>>> print(open('query.txt').read())   # compact mmCIF, C-alpha atoms and all ligand atoms
# COMPACT_ATOMS: atom_id res chain seq x y z
CA MET A 1 -15.51 -17.31 -7.51
CA GLU A 2 -15.32 -19.87 -4.70
CA LYS A 3 -12.90 -21.95 -6.79
CA THR A 4 -10.48 -19.05 -7.35
CA GLN A 5 -10.53 -18.18 -3.63
CA VAL A 6 -9.51 -21.72 -2.64
CA LYS A 7 -6.65 -21.76 -5.12
CA LYS A 8 -5.22 -18.45 -3.94
CA GLN A 9 -1.89 -18.58 -2.18
CA SER A 10 -1.84 -16.96 1.27
CA MET A 11 -0.35 -13.46 1.15
CA HIS A 12 2.05 -14.44 3.90
CA ALA A 13 3.30 -17.33 1.75
CA THR A 14 3.86 -14.85 -1.12
CA VAL A 15 5.94 -12.40 0.93
CA LEU A 16 7.88 -15.14 2.75
CA ASN A 17 8.76 -16.69 -0.57
CA GLN A 18 9.99 -13.33 -1.90
CA PHE A 19 12.02 -12.82 1.28
CA ASN A 20 13.59 -16.28 1.27
CA LYS A 21 14.47 -15.96 -2.42
CA THR A 22 16.48 -12.80 -1.71
CA ALA A 23 17.89 -14.12 1.58
CA ALA A 24 19.43 -16.99 -0.40
CA ILE A 25 20.80 -14.70 -3.13
CA MET A 26 22.46 -12.34 -0.64
CA HIS A 27 23.55 -15.09 1.79
CA LEU A 28 21.70 -13.33 4.59
CA ASN A 29 23.05 -14.14 8.05
CA GLU A 30 20.95 -17.13 9.18
CA ASN A 31 20.24 -15.66 12.64
CA ILE A 32 18.92 -12.47 11.09
CA ARG A 33 16.88 -14.49 8.61
CA LYS A 34 15.22 -16.26 11.54
CA ILE A 35 14.34 -12.94 13.19
CA LEU A 36 12.92 -11.40 10.03
CA CYS A 37 10.79 -14.44 9.16
CA ILE A 38 8.35 -13.72 11.95
CA SER A 39 6.54 -10.74 13.44
CA ASN A 40 7.67 -9.10 16.68
CA ASN A 41 4.08 -8.70 17.94
CA GLU A 42 0.68 -9.82 16.69
CA ILE A 43 -2.16 -8.08 18.48
CA THR A 44 -5.75 -9.28 18.09
CA VAL A 45 -8.56 -7.39 19.79
CA ASN A 46 -12.25 -8.27 20.01
CA PHE A 47 -14.44 -5.34 20.93
CA PRO A 48 -18.15 -4.55 21.17
CA VAL A 49 -19.83 -1.67 19.33
CA LYS A 50 -23.40 -0.43 19.61
CA MET A 51 -25.10 -0.41 16.20
CA ASP A 52 -27.64 2.17 15.01
CA ASP A 53 -30.50 -0.21 15.83
CA GLY A 54 -29.38 -0.51 19.47
CA ASN A 55 -27.92 -4.03 19.13
CA VAL A 56 -24.29 -4.76 19.99
CA GLU A 57 -21.96 -6.35 17.44
CA ILE A 58 -18.54 -7.82 18.24
CA PHE A 59 -15.67 -6.94 15.89
CA THR A 60 -12.19 -8.39 15.50
CA GLY A 61 -9.29 -6.06 14.80
CA TYR A 62 -5.60 -6.72 14.23
CA ARG A 63 -2.29 -4.90 14.45
CA VAL A 64 0.76 -6.87 13.47
CA GLN A 65 4.12 -5.25 14.25
CA HIS A 66 6.66 -7.04 12.11
CA ASN A 67 9.95 -5.32 12.85
CA ASN A 68 11.26 -2.07 14.36
CA ALA A 69 15.02 -2.40 13.89
CA LEU A 70 15.09 0.84 11.89
CA GLY A 71 12.52 2.87 13.85
CA PRO A 72 8.90 3.00 15.08
CA TYR A 73 6.43 0.59 13.49
CA LYS A 74 4.64 2.18 10.52
CA GLY A 75 1.83 1.05 8.26
CA GLY A 76 -1.82 1.32 7.39
CA LEU A 77 -5.10 0.00 8.75
CA ARG A 78 -7.49 -1.59 6.26
CA TYR A 79 -11.20 -2.33 6.57
CA HIS A 80 -11.96 -5.32 4.39
CA ASN A 81 -13.42 -8.77 4.75
CA THR A 82 -10.10 -10.32 3.67
CA VAL A 83 -8.37 -8.91 6.79
CA ASP A 84 -7.12 -11.64 9.12
CA VAL A 85 -3.85 -12.43 10.92
CA ASP A 86 -2.29 -13.96 7.81
CA ALA A 87 -3.01 -10.87 5.72
CA ALA A 88 -1.89 -8.43 8.43
CA ARG A 89 1.29 -10.47 8.98
CA ALA A 90 2.13 -10.37 5.28
CA LEU A 91 1.31 -6.70 4.87
CA ALA A 92 3.32 -5.79 7.99
CA MET A 93 6.35 -7.60 6.56
CA TRP A 94 5.97 -5.73 3.27
CA MET A 95 5.96 -2.47 5.25
CA THR A 96 9.30 -3.36 6.88
CA TRP A 97 10.89 -3.84 3.47
CA LYS A 98 9.16 -0.76 2.06
CA THR A 99 10.27 1.69 4.77
CA SER A 100 13.80 0.29 4.70
CA LEU A 101 14.04 0.54 0.91
CA ALA A 102 12.66 4.08 1.05
CA GLY A 103 15.42 5.03 3.51
CA LEU A 104 12.96 6.02 6.25
CA PRO A 105 13.60 5.68 10.01
CA PHE A 106 10.60 3.36 10.41
CA GLY A 107 9.85 -0.31 10.85
CA GLY A 108 6.83 -2.17 9.50
CA ALA A 109 3.32 -2.86 10.79
CA LYS A 110 -0.17 -3.34 9.40
CA GLY A 111 -3.62 -4.02 10.72
CA GLY A 112 -7.29 -3.52 10.27
CA ILE A 113 -10.73 -4.86 10.89
CA GLU A 114 -12.47 -7.71 9.13
CA ILE A 115 -15.48 -5.78 7.82
CA ASP A 116 -16.97 -4.52 4.60
CA PRO A 117 -17.43 -0.85 5.49
CA ARG A 118 -20.28 -0.58 2.99
CA ASP A 119 -22.41 -2.63 5.40
CA TYR A 120 -22.26 0.13 8.05
CA SER A 121 -23.49 3.71 8.41
CA ILE A 122 -21.01 6.55 8.91
CA SER A 123 -21.83 6.84 12.58
CA GLU A 124 -21.37 3.09 13.04
CA LEU A 125 -17.99 3.29 11.29
CA GLU A 126 -17.02 6.14 13.57
CA ARG A 127 -17.90 4.12 16.69
CA ILE A 128 -16.14 1.00 15.30
CA THR A 129 -12.98 3.03 14.60
CA ARG A 130 -12.99 4.77 17.96
CA ARG A 131 -13.56 1.57 19.89
CA PHE A 132 -10.84 -0.21 17.87
CA THR A 133 -8.41 2.62 18.71
CA TYR A 134 -9.35 2.35 22.37
CA ALA A 135 -8.89 -1.44 22.28
CA LEU A 136 -5.42 -1.06 20.74
CA GLY A 137 -4.54 1.24 23.64
CA GLU A 138 -0.81 1.59 24.21
CA ASN A 139 0.01 -0.75 21.36
CA ILE A 140 0.02 2.34 19.14
CA GLY A 141 1.81 5.61 19.86
CA PRO A 142 3.35 8.57 17.97
CA ASP A 143 6.90 7.31 18.46
CA HIS A 144 6.04 3.63 18.77
CA ASP A 145 3.53 2.55 16.11
CA ILE A 146 1.94 5.04 13.73
CA PRO A 147 -1.08 3.90 11.66
CA ALA A 148 -2.14 5.41 8.32
CA PRO A 149 -4.87 4.89 5.71
CA ASP A 150 -5.01 1.75 3.60
CA VAL A 151 -7.80 -0.08 1.71
CA ASN A 152 -11.21 1.44 2.64
CA THR A 153 -9.82 3.81 5.27
CA ASN A 154 -9.15 7.51 4.70
CA ALA A 155 -8.42 10.89 6.27
CA GLN A 156 -11.73 10.78 8.16
CA THR A 157 -10.83 7.41 9.70
CA MET A 158 -7.45 8.85 10.78
CA ALA A 159 -9.18 11.90 12.32
CA TRP A 160 -11.35 9.61 14.49
CA ILE A 161 -8.27 7.64 15.57
CA ALA A 162 -6.33 10.82 16.39
CA ASP A 163 -9.22 12.29 18.38
CA THR A 164 -9.83 9.07 20.31
CA TYR A 165 -6.14 8.68 21.09
CA MET A 166 -5.86 12.33 22.27
CA SER A 167 -8.95 11.91 24.43
CA THR A 168 -7.37 9.05 26.33
CA ILE A 169 -3.98 10.62 27.16
CA PRO A 170 -3.29 13.39 29.72
CA SER A 171 -4.49 16.76 28.36
CA SER A 172 -1.03 18.33 28.76
CA GLU A 173 0.36 15.84 26.19
CA ARG A 174 -2.33 16.20 23.52
CA SER A 175 -0.91 19.03 21.45
CA GLN A 176 2.47 17.28 20.99
CA ASN A 177 0.97 14.01 19.80
CA LYS A 178 -0.58 14.88 16.46
CA HIS A 179 1.77 12.41 14.80
CA ILE A 180 -0.08 9.42 16.30
CA VAL A 181 -1.44 8.81 12.79
CA THR A 182 -0.55 10.06 9.31
CA GLY A 183 -2.91 10.68 6.42
CA LYS A 184 -5.01 13.04 8.58
CA PRO A 185 -7.24 15.81 7.21
CA ILE A 186 -5.25 19.02 6.56
CA GLY A 187 -7.10 20.91 9.34
CA ILE A 188 -5.73 18.64 12.07
CA GLY A 189 -2.12 18.36 10.98
CA GLY A 190 -2.49 16.42 7.72
CA LEU A 191 -0.01 16.92 4.90
CA GLU A 192 -0.89 18.77 1.71
CA GLY A 193 -0.68 16.21 -1.12
CA ARG A 194 -0.76 13.11 1.13
CA ASP A 195 -4.04 12.09 -0.57
CA ARG A 196 -2.37 11.75 -3.99
CA ALA A 197 1.11 10.69 -2.84
CA THR A 198 0.80 6.94 -3.50
CA GLY A 199 -0.70 7.39 -6.98
CA PHE A 200 1.88 10.08 -7.75
CA GLY A 201 4.61 7.61 -6.81
CA VAL A 202 3.16 4.95 -9.12
CA TYR A 203 3.25 7.48 -11.95
CA ILE A 204 6.83 8.51 -11.10
CA SER A 205 7.90 4.84 -11.24
CA ALA A 206 6.45 4.56 -14.74
CA LYS A 207 8.19 7.73 -15.85
CA LEU A 208 11.57 6.78 -14.36
CA PHE A 209 11.44 3.26 -15.74
CA LEU A 210 10.55 4.45 -19.25
CA ASP A 211 13.39 7.01 -19.03
CA THR A 212 15.86 4.13 -18.66
CA LYS A 213 14.59 2.80 -22.02
CA GLY A 214 14.62 6.21 -23.67
CA GLU A 215 10.80 6.09 -23.85
CA ARG A 216 8.00 8.39 -22.67
CA LEU A 217 4.53 7.93 -21.24
CA ASP A 218 2.98 10.02 -23.97
CA GLY A 219 0.91 7.69 -26.19
CA LYS A 220 1.26 4.62 -23.96
CA THR A 221 -1.91 2.74 -23.03
CA PHE A 222 -2.63 1.50 -19.51
CA ILE A 223 -5.27 -0.29 -17.43
CA VAL A 224 -5.93 -0.06 -13.69
CA GLN A 225 -7.38 -2.63 -11.33
CA GLY A 226 -9.03 -0.77 -8.44
CA PHE A 227 -10.43 2.72 -8.65
CA GLY A 228 -9.82 3.79 -5.05
CA ASN A 229 -7.35 6.39 -3.90
CA VAL A 230 -4.27 4.76 -5.45
CA GLY A 231 -5.90 3.78 -8.76
CA TYR A 232 -7.54 7.15 -9.27
CA TRP A 233 -4.45 9.27 -8.60
CA ALA A 234 -2.08 6.98 -10.51
CA ALA A 235 -4.38 7.20 -13.56
CA TYR A 236 -4.79 10.95 -13.08
CA PHE A 237 -1.04 11.65 -13.24
CA MET A 238 -0.44 9.15 -16.07
CA ILE A 239 -3.14 10.85 -18.17
CA GLN A 240 -1.65 14.29 -17.44
CA ASP A 241 1.56 13.01 -18.98
CA GLY A 242 -0.18 11.84 -22.15
CA ALA A 243 -0.89 8.15 -21.41
CA LYS A 244 -4.25 6.66 -22.41
CA PHE A 245 -6.46 5.09 -19.71
CA ILE A 246 -8.21 2.27 -21.61
CA GLY A 247 -9.42 -0.16 -18.91
CA VAL A 248 -10.51 -0.25 -15.29
CA GLN A 249 -11.77 -2.99 -12.99
CA ASP A 250 -13.20 -3.16 -9.49
CA ALA A 251 -15.00 -5.83 -7.47
CA HIS A 252 -18.23 -5.17 -9.42
CA ALA A 253 -17.30 -4.48 -13.05
CA SER A 254 -14.57 -4.54 -15.72
CA LEU A 255 -14.64 -1.72 -18.28
CA TYR A 256 -12.82 -1.09 -21.56
CA LYS A 257 -12.68 1.89 -23.90
CA GLU A 258 -10.16 1.97 -26.70
CA GLU A 259 -10.32 5.77 -27.12
CA GLY A 260 -9.60 6.37 -23.44
CA ILE A 261 -11.83 6.62 -20.36
CA ASN A 262 -12.75 10.08 -19.08
CA ILE A 263 -11.43 9.81 -15.52
CA GLU A 264 -13.42 12.72 -14.10
CA ALA A 265 -16.70 11.39 -15.57
CA LEU A 266 -15.90 7.99 -14.07
CA ALA A 267 -15.10 9.52 -10.65
CA GLU A 268 -18.42 11.42 -10.72
CA HIS A 269 -20.24 8.21 -11.66
CA CYS A 270 -18.70 6.38 -8.66
CA LYS A 271 -19.63 8.98 -6.03
CA PRO A 272 -23.29 8.03 -5.44
CA ARG A 273 -22.45 4.31 -5.82
CA LYS A 274 -20.16 3.87 -2.80
CA GLY A 275 -17.16 4.10 -5.12
CA SER A 276 -18.24 1.40 -7.58
CA ILE A 277 -17.55 1.81 -11.31
CA GLU A 278 -20.48 -0.49 -12.21
CA GLY A 279 -22.90 0.83 -14.82
CA PHE A 280 -20.56 3.53 -16.20
CA PRO A 281 -22.21 4.22 -19.56
CA GLU A 282 -19.17 5.54 -21.46
CA ALA A 283 -17.27 2.22 -21.67
CA VAL A 284 -17.87 -1.39 -22.68
CA ASN A 285 -18.34 -4.11 -20.04
CA ILE A 286 -15.95 -7.03 -20.42
CA ASP A 287 -15.59 -10.33 -18.64
CA ALA A 288 -13.63 -9.99 -15.35
CA THR A 289 -11.35 -12.89 -16.28
CA ASP A 290 -10.28 -11.12 -19.51
CA PHE A 291 -9.30 -7.87 -17.82
CA PHE A 292 -5.52 -8.36 -17.52
CA ASN A 293 -5.47 -9.60 -21.12
CA ILE A 294 -6.46 -6.24 -22.54
CA ASN A 295 -3.94 -5.27 -25.16
CA CYS A 296 -2.06 -2.39 -23.49
CA ASP A 297 1.46 -1.23 -22.56
CA ILE A 298 1.14 -0.93 -18.79
CA ILE A 299 -0.92 -2.68 -16.11
CA ILE A 300 -1.44 -1.08 -12.70
CA PRO A 301 -2.93 -3.50 -10.16
CA ALA A 302 -4.07 -1.11 -7.42
CA ALA A 303 -6.58 -3.19 -5.48
CA LEU A 304 -5.84 -6.28 -3.39
CA GLY A 305 -3.22 -9.01 -3.09
CA ASN A 306 -2.78 -12.12 -5.26
CA GLN A 307 -4.68 -10.88 -8.31
CA ILE A 308 -2.18 -11.95 -10.98
CA THR A 309 -1.71 -15.70 -10.77
CA ALA A 310 -0.80 -18.70 -12.93
CA GLU A 311 -4.35 -18.50 -14.30
CA ASN A 312 -4.15 -15.08 -15.91
CA ALA A 313 -0.38 -14.35 -16.11
CA PRO A 314 0.28 -16.37 -19.31
CA ARG A 315 -2.18 -14.23 -21.29
CA ILE A 316 -0.76 -10.86 -20.23
CA THR A 317 0.65 -8.90 -23.16
CA ALA A 318 1.63 -5.64 -21.40
CA SER A 319 5.38 -5.19 -21.00
CA LEU A 320 5.32 -3.31 -17.70
CA ILE A 321 3.44 -3.92 -14.44
CA LEU A 322 3.39 -1.26 -11.75
CA GLU A 323 2.37 -2.67 -8.37
CA GLY A 324 0.16 0.03 -6.88
CA ALA A 325 -1.33 -2.56 -4.50
CA ASN A 326 0.63 -4.59 -1.97
CA GLY A 327 1.36 -8.12 -3.16
CA PRO A 328 -0.86 -8.17 -6.27
CA ILE A 329 1.18 -10.93 -7.98
CA ASP A 330 1.57 -14.37 -6.45
CA GLN A 331 4.66 -16.55 -6.77
CA GLU A 332 3.53 -18.64 -9.76
CA GLY A 333 2.19 -15.58 -11.55
CA GLU A 334 5.50 -13.81 -11.04
CA GLU A 335 7.54 -16.71 -12.43
CA ILE A 336 5.45 -16.71 -15.61
CA LEU A 337 5.69 -12.93 -16.05
CA LEU A 338 9.47 -12.91 -15.58
CA GLU A 339 9.81 -15.83 -17.95
CA ASN A 340 7.86 -13.82 -20.53
CA GLY A 341 10.20 -10.83 -20.15
CA ILE A 342 7.65 -8.58 -18.44
CA THR A 343 9.09 -5.99 -16.04
CA ILE A 344 7.48 -5.74 -12.61
CA ILE A 345 8.14 -2.59 -10.61
CA PRO A 346 7.60 -4.03 -7.12
CA ASP A 347 5.11 -2.74 -4.56
CA ILE A 348 7.77 -1.96 -1.97
CA TYR A 349 9.11 0.70 -4.32
CA CYS A 350 6.16 1.44 -6.59
CA ASN A 351 3.61 2.38 -3.92
CA SER A 352 6.11 3.83 -1.43
CA GLY A 353 5.03 7.41 -2.22
CA GLY A 354 2.33 6.99 0.43
CA VAL A 355 4.57 6.08 3.32
CA ILE A 356 7.24 8.58 2.27
CA ALA A 357 4.58 11.31 2.42
CA SER A 358 3.50 9.87 5.78
CA TYR A 359 7.06 10.38 6.98
CA PHE A 360 6.88 14.01 5.81
CA GLU A 361 3.61 14.45 7.71
CA TRP A 362 5.11 12.89 10.83
CA LEU A 363 8.12 15.26 10.62
CA GLN A 364 5.88 18.24 9.91
CA ASN A 365 3.86 17.47 13.07
CA LYS A 366 6.90 16.79 15.25
CA ASN A 367 8.59 20.03 14.17
CA GLY A 368 5.44 22.18 14.15
CA GLU A 369 5.91 23.00 10.45
CA LEU A 370 3.50 23.46 7.54
CA TRP A 371 4.63 22.39 4.07
CA SER A 372 2.95 23.43 0.81
CA ARG A 373 1.70 20.81 -1.66
CA LYS A 374 4.31 21.95 -4.17
CA THR A 375 7.10 21.39 -1.63
CA VAL A 376 5.68 17.98 -0.72
CA LEU A 377 5.45 16.70 -4.30
CA LYS A 378 8.90 18.08 -5.11
CA LYS A 379 10.51 16.40 -2.08
CA LEU A 380 8.60 13.22 -2.83
CA GLU A 381 9.77 13.11 -6.44
CA LYS A 382 13.36 13.71 -5.32
CA LYS A 383 13.25 10.87 -2.77
CA LEU A 384 11.56 8.48 -5.21
CA THR A 385 14.14 9.31 -7.87
CA GLU A 386 17.07 8.61 -5.51
CA ASN A 387 15.50 5.32 -4.43
CA PHE A 388 14.79 4.35 -8.03
CA LYS A 389 18.44 4.95 -8.98
CA ASN A 390 19.59 2.65 -6.17
CA ILE A 391 17.41 -0.19 -7.44
CA HIS A 392 18.29 0.48 -11.06
CA ASN A 393 22.02 0.32 -10.22
CA GLU A 394 21.47 -2.97 -8.41
CA VAL A 395 19.56 -4.37 -11.42
CA ASN A 396 22.35 -3.28 -13.75
CA ASN A 397 25.18 -4.58 -11.57
CA SER A 398 23.62 -7.93 -10.81
CA ASP A 399 21.39 -10.01 -12.98
CA LEU A 400 18.44 -9.60 -10.65
CA ASP A 401 14.84 -8.76 -11.44
CA TRP A 402 13.52 -5.48 -9.97
CA ARG A 403 11.84 -7.08 -6.97
CA SER A 404 14.88 -9.08 -5.90
CA ALA A 405 17.10 -6.01 -6.32
CA ALA A 406 14.73 -3.91 -4.19
CA TYR A 407 14.55 -6.63 -1.53
CA LEU A 408 18.31 -6.91 -1.47
CA ILE A 409 18.72 -3.22 -0.67
CA ALA A 410 15.93 -3.25 1.93
CA ILE A 411 17.10 -6.37 3.74
CA SER A 412 20.79 -5.38 3.68
CA ARG A 413 19.98 -2.19 5.62
CA ILE A 414 18.17 -4.17 8.31
CA GLU A 415 20.97 -6.74 8.40
CA THR A 416 23.47 -3.93 9.01
CA ALA A 417 21.32 -2.55 11.85
CA TYR A 418 21.28 -5.96 13.57
CA GLU A 419 24.99 -6.49 13.01
CA GLN A 420 25.76 -3.11 14.56
CA ARG A 421 23.49 -3.32 17.58
CA GLY A 422 23.71 -7.07 18.32
CA ILE A 423 21.02 -9.17 19.97
CA PHE A 424 20.00 -8.52 23.58
CA PRO A 425 21.03 -9.85 26.12
N1 LIG A 501 -1.05 1.95 3.58
C1 LIG A 501 0.05 2.52 2.87
C2 LIG A 501 1.02 1.46 2.45
O1 LIG A 501 0.68 0.30 2.32
C3 LIG A 501 0.69 3.68 3.64
C4 LIG A 501 1.30 3.31 4.95
C5 LIG A 501 1.76 4.52 5.77
O2 LIG A 501 1.73 5.62 5.28
O3 LIG A 501 2.11 4.29 6.92
O4 LIG A 501 2.15 1.72 2.14
>>> encode(input="query.txt", output="structure tokens")
Amino acid sequence: MEKTQVKKQSMHATVLNQFNKTAAIMHLNENIRKILCISNNEITVNFPVKMDDGNVEIFTGYRVQHNNALGPYKGGLRYHNTVDVDAARALAMWMTWKTSLAGLPFGGAKGGIEIDPRDYSISELERITRRFTYALGENIGPDHDIPAPDVNTNAQTMAWIADTYMSTIPSSERSQNKHIVTGKPIGIGGLEGRDRATGFGVYISAKLFLDTKGERLDGKTFIVQGFGNVGYWAAYFMIQDGAKFIGVQDAHASLYKEEGINIEALAEHCKPRKGSIEGFPEAVNIDATDFFNINCDIIIPAALGNQITAENAPRITASLILEGANGPIDQEGEEILLENGITIIPDIYCNSGGVIASYFEWLQNKNGELWSRKTVLKKLEKKLTENFKNIHNEVNNSDLDWRSAAYLIAISRIETAYEQRGIFP
């Protein structure tokens, strides 16, 4: 384990490499390249929280605001022990490309706290979240920087952030500021369907890509790394469309079942085990290092960054990879996959259903509207389809892989914004 960790490329190196590759292809204006290479703001906060046993623990939280040329900073907050400035910097940059590619009036940000939430009680997590929000202070705001859920954070986390934020602003402004975070519970301004939006988007990418080949999901086999919100909902929608869910992996176990895993039985199994798939009796345990080698049609990495590398990429036999996670493939891994003719639908498109739904939630709150789940999923599918067509056209008209084509569209829009507004002073 230790050995693999050391060898892993930094996530920031991965995203910078992807950016520079496209910048060269599109002859990006050098001044704009310089601006986009670095973050606008990198906020680190250290804050004390009283634990259940009465002792005080100090936590470190981050919010990196990469770029806001297209609108307010937008992106999630993750609670994980891999969170540090490098990770937040990389993830914030990915958000800038993602919101631009999606055609949203947002920039990119990301942050979080370096903790394993399973080490804390619910009331400790609530106090950690509230104190983190307080420490961030005016660095976040409904029209300035709008957080959302990410790895190990959810609607409950967003509710604590919203309540803490509201409690610290003048009471006359509280009711108009619901859009301080997205991904909230429905009762406090959350969007119907936001919970499944990212997974739904992963499924839509599969469907749209297969359409271009005249193929269908029905009968295709797939495996998922990560059985959190994205992994679960992606698998759920794929199964509904006839695909067979034959493998799943998390930090504790790797499972295989040729006849197809019963997703609801697996979800029930995870509930009392803090979300872990370990010990699920209806599938066979396999070695973690063999997981991506399972003979299947589609792989959905929906966990953390840098999971597909030069070590496991050469043995991958699937023909399609859908990046549910942010940055799951490192540079060397990607080169091998492309060399082997494997199509990668890149994160900045593939998992953009989440932030597109966040945009809907933000609009719903700003306009005092309430949208039904049916409306949300319909609008989401329409937006994802339009965005897919743009990338597909770029792939067809150039000789680019899907990631480079997506980057080209995203970066061009930001380049135009800088060209039009100029650089102050
Ligand atoms: N955390 C999600 C992402 O990486 C959603 C971000 C958002 O909705 O702001 O795209």
>>> atom_distance(input="query.txt", atom1="CA of Leu16 (chain A)", atom2="CA of Cys37 (chain A)")
7.1 Å
>>> atom_distance(input="query.txt", atom1="CA of Lys274 (chain A)", atom2="CA of Val230 (chain A)")
16.1 Å
>>> residues_near_ligand(input="query.txt", ligand="ligand LIG 501 (chain A)", cutoff="7 Å", atoms="all atoms listed in the file", output="ChimeraX atom specification")
/A:74-77,95,146-150,182-183,326,351-352,354-358
>>> write_last_selection(input="query.txt", atoms="C-alpha atoms", output="mmCIF file, keeping the file's coordinate frame")
data_model
loop_
_atom_site.group_PDB
_atom_site.id
_atom_site.type_symbol
_atom_site.label_atom_id
_atom_site.label_comp_id
_atom_site.auth_asym_id
_atom_site.auth_seq_id
_atom_site.Cartn_x
_atom_site.Cartn_y
_atom_site.Cartn_z
ATOM 1 C CA LYS A 74 4.640 2.180 10.520
ATOM 2 C CA GLY A 75 1.830 1.050 8.260
ATOM 3 C CA GLY A 76 -1.820 1.320 7.390
ATOM 4 C CA LEU A 77 -5.100 0.000 8.750
ATOM 5 C CA MET A 95 5.960 -2.470 5.250
ATOM 6 C CA ILE A 146 1.940 5.040 13.730
ATOM 7 C CA PRO A 147 -1.080 3.900 11.660
ATOM 8 C CA ALA A 148 -2.140 5.410 8.320
ATOM 9 C CA PRO A 149 -4.870 4.890 5.710
ATOM 10 C CA ASP A 150 -5.010 1.750 3.600
ATOM 11 C CA THR A 182 -0.550 10.060 9.310
ATOM 12 C CA GLY A 183 -2.910 10.680 6.420
ATOM 13 C CA ASN A 326 0.630 -4.590 -1.970
ATOM 14 C CA ASN A 351 3.610 2.380 -3.920
ATOM 15 C CA SER A 352 6.110 3.830 -1.430
ATOM 16 C CA GLY A 354 2.330 6.990 0.430
ATOM 17 C CA VAL A 355 4.570 6.080 3.320
ATOM 18 C CA ILE A 356 7.240 8.580 2.270
ATOM 19 C CA ALA A 357 4.580 11.310 2.420
ATOM 20 C CA SER A 358 3.500 9.870 5.780
#
>>> closest_residue(input="query.txt", among="A:Lys21, A:Trp362, A:Pro301, A:Ile336", to="Lys184 (chain A)", atoms="all atoms listed in the file")
A:Trp362
>>> atom_distance(input="query.txt", atom1="CA of Thr385 (chain A)", atom2="CA of Phe200 (chain A)")
12.3 Å
>>> closest_atom_pairs(input="query.txt", of="region 240-305 of chain A", to="region 117-126 of chain A", cutoff="12 Å", atoms="all atoms listed in the file", output="CSV")
residue,atom,partner,partner_atom,distance
A:Arg273,CA,A:Arg118,CA,10.3
A:Lys274,CA,A:Arg118,CA,7.3
A:Gly275,CA,A:Arg118,CA,9.9
A:Ser276,CA,A:Arg118,CA,10.9
>>> residues_around(input="query.txt", residues="Ser404 (chain A)", least_positions_apart="2", cutoff="12 Å", atoms="all atoms listed in the file", output="ChimeraX atom specification")
/A:15,17-26,97,101,334,338,344-349,391-392,394-395,398-402,406-412
>>> closest_residue(input="query.txt", among="A:Thr99, A:Ser167, A:Ser319, A:Asn365", to="His66 (chain A)", atoms="only C-alpha atoms")
A:Thr99
>>> closest_residue(input="query.txt", among="A:Leu363, A:Ile342, A:Ala313, A:Leu320", to="Lys220 (chain A)", atoms="all atoms listed in the file")
A:Leu320
>>> residues_around(input="query.txt", residues="Val85 (chain A)", least_positions_apart="3", cutoff="7 Å", atoms="only C-alpha atoms", output="list in words")
Tyr62, Ala88 and Arg89 of chain A
>>> closest_atom_pairs(input="query.txt", of="region 117-212 of chain A", to="region 38-60 of chain A", cutoff="7 Å", atoms="all atoms listed in the file", output="JSON lines")
{"residue": "A:Glu124", "atom": "CA", "partner": "A:Met51", "partner_atom": "CA", "distance": 6.0}
{"residue": "A:Arg127", "atom": "CA", "partner": "A:Val49", "partner_atom": "CA", "distance": 6.6}
{"residue": "A:Ile128", "atom": "CA", "partner": "A:Val49", "partner_atom": "CA", "distance": 6.1}
{"residue": "A:Phe132", "atom": "CA", "partner": "A:Phe47", "partner_atom": "CA", "distance": 7.0}
{"residue": "A:Ala135", "atom": "CA", "partner": "A:Val45", "partner_atom": "CA", "distance": 6.5}
>>> closest_residue(input="query.txt", among="A:Phe209, A:Tyr256, A:Trp233, A:Phe106", to="Leu70 (chain A)", atoms="all atoms listed in the file")
A:Phe106
>>> residues_around(input="query.txt", residues="Thr212 (chain A)", least_positions_apart="5", cutoff="12 Å", atoms="all atoms listed in the file", output="ChimeraX atom specification")
/A:205-207,388-389,392-393,395-396
>>> closest_residue(input="query.txt", among="A:Glu30, A:Asp195, A:Asp297, A:Asp241", to="Thr317 (chain A)", atoms="all atoms listed in the file")
A:Asp297
>>> closest_residue(input="query.txt", among="A:Tyr134, A:Ile298, A:Asp86, A:Ser175", to="Thr14 (chain A)", atoms="only C-alpha atoms")
A:Asp86
>>> residues_near_point(input="query.txt", point="(1.1, -5.0, -20.9)", cutoff="10 Å", atoms="all atoms listed in the file", output="number ranges by chain")
A: 221-223, 292-300, 315-321, 342-343
>>> residues_around(input="query.txt", residues="region 413-425 of chain A", least_positions_apart="6", cutoff="8 Å", atoms="only C-alpha atoms", output="PyMOL selection string")
chain A and resi 28-29+32+69-70+100
>>> decode(input="query.txt", residues="region 295-308 of chain A", atoms="C-alpha atoms", output="PDB file, in the first residue's frame")
ATOM      1  CA  ASN A 295     -13.561  -8.828 -18.121  1.00  0.00           C
ATOM      2  CA  CYS A 296     -16.343  -6.283 -18.767  1.00  0.00           C
ATOM      3  CA  ASP A 297     -17.501  -3.668 -21.290  1.00  0.00           C
ATOM      4  CA  ILE A 298     -17.504  -0.540 -19.134  1.00  0.00           C
ATOM      5  CA  ILE A 299     -15.516   0.656 -16.112  1.00  0.00           C
ATOM      6  CA  ILE A 300     -16.846   3.434 -13.884  1.00  0.00           C
ATOM      7  CA  PRO A 301     -14.210   4.752 -11.470  1.00  0.00           C
ATOM      8  CA  ALA A 302     -16.369   6.687  -8.984  1.00  0.00           C
ATOM      9  CA  ALA A 303     -14.099   7.006  -5.964  1.00  0.00           C
ATOM     10  CA  LEU A 304     -10.874   9.000  -5.735  1.00  0.00           C
ATOM     11  CA  GLY A 305      -8.173  10.413  -8.009  1.00  0.00           C
ATOM     12  CA  ASN A 306      -5.244   8.586  -9.635  1.00  0.00           C
ATOM     13  CA  GLN A 307      -6.682   5.072  -9.434  1.00  0.00           C
ATOM     14  CA  ILE A 308      -5.866   3.940 -12.981  1.00  0.00           C
TER      15      ILE A 308
END
